[in-house]
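Novice: I have a structure here, written as structure tokens, and I will follow up with some questions on it.
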Amino acid sequence: MKTASIVFKVLFLISCVYGLNLTYNTAPSGFALYISYYTTQSNILVFVVMFIMLIREFFHQGKRTRFLTILKSLSTVSIMVTFLIYHFILAPYINADMTNVAGGYGNIWVHYITPLWFFFDYLIFDTKGATRITDPFLYMIFPLYYLLFSNIRAVNGELYEYGTFISQFPYPFLDYAVLGIYGVSAAIIIFTLGDLLIGFLFVGLDQIMKKPRARYRSHVYGAISQKPSIKLKFRFFKSKASNLVNATQDPAEEPQEDPINSLDFQDADYFEK
């Protein structure tokens, strides 16, 4: 599985660079404008995070740290926001000209292939159940950073040209001249709540896919979620129980051996598949 993970990640890095190269080389804007889009920054984010995870695969074994878990989850949610916003909000109003690399194949690469590939890396290789219910609030770091970045950049950055329309902002829902302060505020609230919702859905999926605990014999050990904390030989308990039974039982009767209790009780982690 480690080899498969390394190959998957290396191919992703190559694919991610290819998608960014497609959109950059054929984009009419310069580098300063190109790097200012949420799509570009989220693609760069997942590239950097995947590179870190690849290095970790080579040089480190063991449980992933809490920081790396949050970083990978945050990146997954951020790039899925790119995919969802483009697919449901922007794509219906964009006539994808497949003869134009940036408008056609480039858009498909950075909005579909890169986000879904990164998400599949989580589905296939990441340990499930490592997220916490409060993590979606941490996932808001990147979107809120971008909102702050776009507003600061609007003060003295280059202008965006969309045909005859010129704007200080990369997206219309951030433009105060178009929506006004109340409209932009409403758009930011919707954007924030939508990102939180995606984060909670991700955490819910992660918990659902969590590797289940061993299904202990509930009639012997109690509730199936109950996990013994130390190693003991179950025959120890059986011998005590047998002594109590023998004290009150007719000597003529022979106690029948319990096929379950006759088994040695092993550490519960042994049963986890």
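Residues are named by chain letter and number: chains run A, B, ... in the order of the structure tokens, numbers start at 1 in each chain, and ligands are numbered from 1 in the order shown.
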Taking a cut-off of 9 Å and counting only C-alpha atoms, can you build a table that, for each residue of segment 116-233 of chain A near segment 74-81 of chain A, reports the nearest atom pair and how far apart they are in Å (one decimal), sorted by chain then residue number, as JSON lines?

Specialist:
```
{"residue": "A:Leu116", "atom": "CA", "partner": "A:Met80", "partner_atom": "CA", "distance": 7.6}
{"residue": "A:Phe118", "atom": "CA", "partner": "A:Thr76", "partner_atom": "CA", "distance": 6.8}
{"residue": "A:Phe119", "atom": "CA", "partner": "A:Thr76", "partner_atom": "CA", "distance": 6.1}
{"residue": "A:Tyr122", "atom": "CA", "partner": "A:Thr76", "partner_atom": "CA", "distance": 7.9}
{"residue": "A:Asp135", "atom": "CA", "partner": "A:Leu74", "partner_atom": "CA", "distance": 8.5}
{"residue": "A:Pro136", "atom": "CA", "partner": "A:Leu74", "partner_atom": "CA", "distance": 8.0}
{"residue": "A:Leu138", "atom": "CA", "partner": "A:Leu74", "partner_atom": "CA", "distance": 7.3}
{"residue": "A:Tyr139", "atom": "CA", "partner": "A:Leu74", "partner_atom": "CA", "distance": 4.7}
{"residue": "A:Met140", "atom": "CA", "partner": "A:Leu74", "partner_atom": "CA", "distance": 8.0}
{"residue": "A:Ile141", "atom": "CA", "partner": "A:Leu74", "partner_atom": "CA", "distance": 8.2}
{"residue": "A:Phe142", "atom": "CA", "partner": "A:Ser78", "partner_atom": "CA", "distance": 7.1}
{"residue": "A:Pro143", "atom": "CA", "partner": "A:Ser78", "partner_atom": "CA", "distance": 7.3}
{"residue": "A:Gly194", "atom": "CA", "partner": "A:Val81", "partner_atom": "CA", "distance": 8.8}
{"residue": "A:Asp195", "atom": "CA", "partner": "A:Val81", "partner_atom": "CA", "distance": 7.0}
{"residue": "A:Ile198", "atom": "CA", "partner": "A:Val77", "partner_atom": "CA", "distance": 6.9}
{"residue": "A:Gly199", "atom": "CA", "partner": "A:Val77", "partner_atom": "CA", "distance": 6.2}
{"residue": "A:Phe202", "atom": "CA", "partner": "A:Val77", "partner_atom": "CA", "distance": 7.3}
```

Novice: Where does DSSP see strand (DSSP E) in segment 14-224 of chain A, if you list the residues as a list in words?

Specialist: Tyr160, Glu161, Tyr162, Phe165, Ile166 and Ser167 of chain A

Novice: Show which residues sit within 8 Å of segment 49-52 of chain A, as a list in words. Count only C-alpha atoms, and ignore same-chain residues fewer than 2 positions away.

Specialist: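 Surrounding residues, per the criterion: Lys9, Leu13, Leu45, Val46, Phe47, Leu54, Ile55, Arg56, Leu71, Lys72 and Ser75 of chain A.
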
Novice: Enumerate the residues of segment 71-223 of chain A with a DSSP assignment of alpha helix (DSSP H), computed from the backbone, and present them as a ChimeraX atom specification.

Specialist: /A:71-85,107-108,114-125,135-139,141-156,176-208,218-221
